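Okay, target.csv now, which holds CSV, C-alpha atoms:
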```
chain,number,residue,atom,x,y,z
A,610,MET,CA,-18.2,-14.4,5.7
A,611,ASP,CA,-16.3,-13.7,2.4
A,612,THR,CA,-13.6,-11.1,2.3
A,613,THR,CA,-11.6,-9.7,-0.7
A,614,PHE,CA,-8.2,-8.2,-0.4
A,615,ARG,CA,-8.6,-4.6,-1.7
A,616,GLY,CA,-5.1,-3.0,-1.5
A,617,VAL,CA,-2.2,-1.5,0.3
A,618,PHE,CA,-2.1,2.0,1.7
A,619,LEU,CA,1.3,3.5,2.4
A,620,THR,CA,1.8,6.6,4.5
A,621,SER,CA,4.7,8.9,3.8
A,622,GLU,CA,6.1,12.2,5.1
A,623,LYS,CA,7.1,12.9,1.5
A,624,PRO,CA,4.1,11.4,-0.4
A,625,GLU,CA,4.9,13.1,-3.7
A,626,ALA,CA,8.5,11.8,-3.7
A,627,THR,CA,7.3,8.4,-2.8
A,628,ALA,CA,4.7,8.4,-5.6
A,629,ARG,CA,7.5,9.4,-8.1
A,630,PHE,CA,9.6,6.5,-6.8
A,631,TYR,CA,6.9,3.9,-7.5
A,632,GLU,CA,6.1,5.5,-10.9
A,633,GLN,CA,9.8,5.4,-11.9
A,634,VAL,CA,11.1,2.3,-10.3
A,635,ALA,CA,8.0,0.0,-10.5
A,636,CYS,CA,6.6,1.7,-13.6
A,637,LEU,CA,3.2,2.1,-11.9
A,638,PRO,CA,0.9,4.8,-13.3
A,639,LEU,CA,-0.2,6.6,-10.1
A,640,GLU,CA,-2.9,9.2,-10.3
A,641,LYS,CA,-3.0,12.2,-8.0
A,642,ILE,CA,-6.5,12.3,-6.4
A,643,GLY,CA,-8.1,15.3,-4.8
A,644,ALA,CA,-7.4,19.1,-5.0
A,645,PRO,CA,-4.4,21.0,-3.5
A,646,GLU,CA,-6.5,22.8,-1.0
A,647,GLN,CA,-8.2,19.6,0.1
A,648,TYR,CA,-6.9,16.1,0.9
A,649,THR,CA,-4.8,14.6,-1.8
A,650,TYR,CA,-3.2,11.2,-2.3
A,651,TRP,CA,-1.7,9.1,-5.1
A,652,CYS,CA,-3.5,5.9,-6.3
A,653,LEU,CA,-3.4,3.0,-8.7
A,654,ASP,CA,-6.5,1.0,-9.0
A,655,ARG,CA,-6.2,-2.0,-11.2
A,656,ASP,CA,-8.3,-5.2,-11.4
A,657,GLY,CA,-9.9,-4.4,-8.1
A,658,MET,CA,-6.6,-3.9,-6.3
A,659,GLN,CA,-5.4,-0.6,-5.1
A,660,LEU,CA,-2.1,0.9,-4.1
A,661,ALA,CA,-2.5,4.3,-2.4
A,662,ILE,CA,0.1,6.7,-1.0
A,663,HIS,CA,-1.1,9.1,1.6
A,664,ASP,CA,0.5,11.9,3.5
A,665,ALA,CA,1.2,10.5,7.0
A,666,LYS,CA,0.3,13.6,8.9
A,667,ALA,CA,-3.0,14.1,7.1
A,668,PHE,CA,-4.0,10.4,6.9
A,669,ALA,CA,-4.3,9.6,10.6
A,670,GLY,CA,-2.7,10.5,13.9
A,671,TYR,CA,-1.4,7.0,14.5
A,672,ALA,CA,0.6,7.1,11.2
A,673,TYR,CA,2.7,10.1,12.0
A,674,PRO,CA,5.6,10.3,12.2
A,675,SER,CA,6.6,7.6,9.7
A,676,LEU,CA,8.8,4.9,11.1
A,677,ALA,CA,11.5,4.5,8.4
A,678,GLY,CA,13.1,1.4,10.0
A,679,SER,CA,9.8,-0.5,10.3
A,680,ASN,CA,9.9,-4.0,8.8
A,681,LEU,CA,6.1,-4.4,9.2
A,682,THR,CA,5.3,-3.7,5.6
A,683,HIS,CA,6.9,-5.6,2.7
A,684,LEU,CA,5.9,-5.0,-0.9
A,685,TYR,CA,6.9,-7.5,-3.5
A,686,PHE,CA,6.7,-6.9,-7.3
A,687,LYS,CA,7.2,-9.7,-9.8
A,688,ILE,CA,9.6,-8.9,-12.6
A,689,ALA,CA,10.4,-11.0,-15.7
A,690,ASP,CA,14.1,-10.2,-16.0
A,691,GLN,CA,16.4,-9.4,-13.1
A,692,LYS,CA,19.2,-8.2,-15.3
A,693,ALA,CA,16.9,-5.8,-17.2
A,694,PHE,CA,15.5,-4.5,-13.9
A,695,LEU,CA,19.1,-3.9,-12.5
A,696,THR,CA,19.8,-1.9,-15.7
A,697,HIS,CA,16.6,0.1,-15.1
A,698,LEU,CA,17.7,0.9,-11.6
A,699,GLU,CA,21.2,1.9,-12.9
A,700,ASN,CA,19.5,4.3,-15.4
A,701,LEU,CA,17.6,5.9,-12.5
A,702,GLN,CA,20.8,6.0,-10.4
A,703,ILE,CA,19.3,3.9,-7.7
A,704,GLN,CA,21.6,1.6,-5.8
A,705,PRO,CA,20.0,-1.7,-4.7
A,706,GLU,CA,20.0,-2.5,-1.0
A,707,ALA,CA,20.5,-6.2,-1.7
A,708,VAL,CA,20.6,-8.6,-4.7
A,709,ASP,CA,20.3,-12.4,-4.6
A,710,ASP,CA,19.5,-15.0,-7.3
A,711,VAL,CA,15.8,-14.1,-7.3
A,712,VAL,CA,15.2,-10.7,-5.5
A,713,VAL,CA,16.4,-7.2,-5.9
A,714,THR,CA,15.7,-5.1,-2.8
A,715,VAL,CA,15.5,-1.3,-3.0
A,716,ALA,CA,14.5,1.3,-0.4
A,717,ASP,CA,11.8,3.8,-1.2
A,718,PRO,CA,12.0,7.5,-0.1
A,719,ASP,CA,10.5,6.5,3.3
A,720,GLY,CA,13.0,3.7,3.9
A,721,ARG,CA,10.6,0.8,3.2
A,722,LYS,CA,12.4,-2.2,1.7
A,723,ILE,CA,10.7,-3.0,-1.6
A,724,MET,CA,11.4,-6.4,-3.3
A,725,PHE,CA,11.4,-7.0,-7.0
A,726,GLY,CA,11.7,-10.7,-7.8
A,727,THR,CA,11.5,-13.3,-10.5
A,728,ALA,CA,9.6,-15.8,-8.4
```
Let me see the file written as structure tokens.
Amino acid sequence: MDTTFRGVFLTSEKPEATARFYEQVACLPLEKIGAPEQYTYWCLDRDGMQLAIHDAKAFAGYAYPSLAGSNLTHLYFKIADQKAFLTHLENLQIQPEAVDDVVVTVADPDGRKIMFGTA
């Protein structure tokens, strides 16, 4: 049996704020899908991979409330230049959680630790 990794779904109690975070910090062009009176979520679908941000309460009973301290989900984004990325964060007034020689870690609005690294 063949499988293909399709994407990552994040749940959030503040999905619009979380979507803005990924748009601004990771420069991902997320699209709002759905209509206000119906189910809505934010999505990026690129080269067969999807990142989607869903409202935790609307997505599924087991996803609400969100567990901000969970370390079960780690997202890693490759960056070309750590110094330029740190300047980008400074311009957005976002303080990194941690910085080492390779990785800059920031928290998204739901408390997930997101890593941006040069490796």
### Query
Between A:Ala628, A:Val715, A:Leu637, A:Met724, which is the closest to A:Tyr685 once you count only C-alpha atoms?
A:Met724
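With distances taken over all atoms listed in the file, A:Asp717 is the one residue among A:His663, A:Asp717, A:Ala669, A:Lys722 lying closest to A:Tyr631.
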### Query
Using only C-alpha atoms, which residue out of A:Ala665, A:Ala707, A:Ile688, A:Ile723 lies closest to A:Leu619?
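Result for the nearest residue to A:Leu619: A:Ala665.
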### Message
Counting all atoms listed in the file, which residue out of A:Arg655, A:His697, A:Ala716, A:Asp709 sits closest to A:Gln633?
### Response
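Going through A:Arg655, A:His697, A:Ala716, A:Asp709 one by one, the smallest distance to A:Gln633 is for A:His697.
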### Query
Any idea what's packed within 12 Å of A:Thr649, counting all atoms listed in the file, ignoring anything in its chain fewer than 6 positions away? Could you give it as an MDAnalysis selection string?
chainID A and resid 624:625 628 640:643 661:668
### Query
What does the distance from atom CA of A:Ala635 to atom CA of A:Leu695 come to in Å, to one decimal?
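Distance reported for this atom pair: 11.9 Å.
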#### Entry: Pairwise distance for atom CA of A:Gly720 and atom CA of A:Trp651, rounded to one decimal in Å
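Separation between atom CA of A:Gly720 and atom CA of A:Trp651: 18.1 Å.
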### Query
Looking at A:Arg721, A:Leu660, A:Glu646, A:Lys692, which one is nearest to A:Glu706, with distances taken over only C-alpha atoms?
A:Arg721
### Message
So the first atom is atom CA of A:Lys687 and the second is atom CA of A:Phe725; what is the distance between them in Å, to one decimal place?
### Response
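For atom CA of A:Lys687 relative to atom CA of A:Phe725, the distance reads 5.7 Å.
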### Task
Considering only C-alpha atoms, return as a list in words whatever protein or nucleic-acid residues lie within 8 Å of A:Ser675, sequence-local ones (same chain, fewer than 6 positions apart) excluded.
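Counting only the stated atoms, we get Thr620, Ser621, Glu622, Ala665 and Asp719 of chain A.
Minimum distance to A:Arg629 across A:Leu701, A:Leu684, A:Ala689, A:Ala728 (counting all atoms listed in the file) occurs at A:Leu701.
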Would you fill the gaps in stretch 712-723 of chain A so it has all heavy atoms, then print it as a compact mmCIF listing (two decimals), in the frame of the given file?
```txt
# COMPACT_ATOMS: atom_id res chain seq x y z
N VAL A 712 15.77 -12.02 -5.98
CA VAL A 712 15.20 -10.70 -5.50
C VAL A 712 16.20 -9.61 -5.54
O VAL A 712 17.35 -9.77 -5.12
CB VAL A 712 14.61 -10.90 -4.09
CG1 VAL A 712 14.09 -9.59 -3.56
CG2 VAL A 712 13.51 -11.95 -4.08
N VAL A 713 15.72 -8.44 -6.00
CA VAL A 713 16.40 -7.20 -5.90
C VAL A 713 15.66 -6.34 -4.88
O VAL A 713 14.45 -6.14 -5.05
CB VAL A 713 16.52 -6.44 -7.23
CG1 VAL A 713 17.21 -5.09 -7.07
CG2 VAL A 713 17.23 -7.29 -8.28
N THR A 714 16.32 -5.87 -3.84
CA THR A 714 15.70 -5.10 -2.80
C THR A 714 16.17 -3.62 -2.93
O THR A 714 17.38 -3.40 -2.99
CB THR A 714 15.95 -5.60 -1.41
OG1 THR A 714 15.51 -6.97 -1.35
CG2 THR A 714 15.22 -4.79 -0.34
N VAL A 715 15.22 -2.68 -2.96
CA VAL A 715 15.50 -1.30 -3.00
C VAL A 715 14.75 -0.58 -1.86
O VAL A 715 13.74 -1.10 -1.40
CB VAL A 715 15.24 -0.59 -4.33
CG1 VAL A 715 16.06 -1.21 -5.44
CG2 VAL A 715 13.77 -0.69 -4.68
N ALA A 716 15.23 0.57 -1.43
CA ALA A 716 14.50 1.30 -0.40
C ALA A 716 13.76 2.47 -1.10
O ALA A 716 14.29 3.14 -1.98
CB ALA A 716 15.50 1.92 0.60
N ASP A 717 12.51 2.67 -0.69
CA ASP A 717 11.80 3.80 -1.20
C ASP A 717 12.14 5.06 -0.42
O ASP A 717 12.94 4.98 0.52
CB ASP A 717 10.25 3.52 -1.23
CG ASP A 717 9.55 3.61 0.11
OD1 ASP A 717 10.17 4.00 1.11
OD2 ASP A 717 8.34 3.29 0.15
N PRO A 718 11.64 6.24 -0.78
CA PRO A 718 12.00 7.50 -0.10
C PRO A 718 11.73 7.49 1.41
O PRO A 718 12.29 8.30 2.14
CB PRO A 718 11.24 8.56 -0.82
CG PRO A 718 11.06 8.02 -2.20
CD PRO A 718 10.84 6.54 -1.98
N ASP A 719 10.86 6.59 1.88
CA ASP A 719 10.50 6.50 3.30
C ASP A 719 11.31 5.45 4.03
O ASP A 719 11.10 5.22 5.22
CB ASP A 719 9.02 6.32 3.49
CG ASP A 719 8.24 7.47 2.90
OD1 ASP A 719 8.41 8.61 3.39
OD2 ASP A 719 7.51 7.26 1.92
N GLY A 720 12.20 4.75 3.32
CA GLY A 720 13.00 3.70 3.90
C GLY A 720 12.43 2.33 3.91
O GLY A 720 13.04 1.40 4.41
N ARG A 721 11.22 2.17 3.33
CA ARG A 721 10.60 0.80 3.20
C ARG A 721 11.48 -0.01 2.25
O ARG A 721 11.89 0.48 1.21
CB ARG A 721 9.21 0.91 2.68
CG ARG A 721 8.16 1.12 3.73
CD ARG A 721 6.77 1.13 3.09
NE ARG A 721 6.57 2.32 2.29
CZ ARG A 721 6.03 3.45 2.76
NH1 ARG A 721 5.61 3.53 4.00
NH2 ARG A 721 5.90 4.50 1.99
N LYS A 722 11.70 -1.25 2.59
CA LYS A 722 12.40 -2.20 1.70
C LYS A 722 11.42 -2.79 0.74
O LYS A 722 10.50 -3.47 1.15
CB LYS A 722 13.13 -3.26 2.50
CG LYS A 722 14.04 -2.73 3.60
CD LYS A 722 15.13 -1.83 3.08
CE LYS A 722 16.07 -1.44 4.20
NZ LYS A 722 16.33 -0.05 4.29
N ILE A 723 11.62 -2.54 -0.56
CA ILE A 723 10.70 -3.00 -1.60
C ILE A 723 11.45 -4.08 -2.40
O ILE A 723 12.57 -3.88 -2.86
CB ILE A 723 10.28 -1.86 -2.53
CG1 ILE A 723 9.83 -0.64 -1.72
CG2 ILE A 723 9.22 -2.32 -3.51
CD1 ILE A 723 8.72 -0.91 -0.75
```
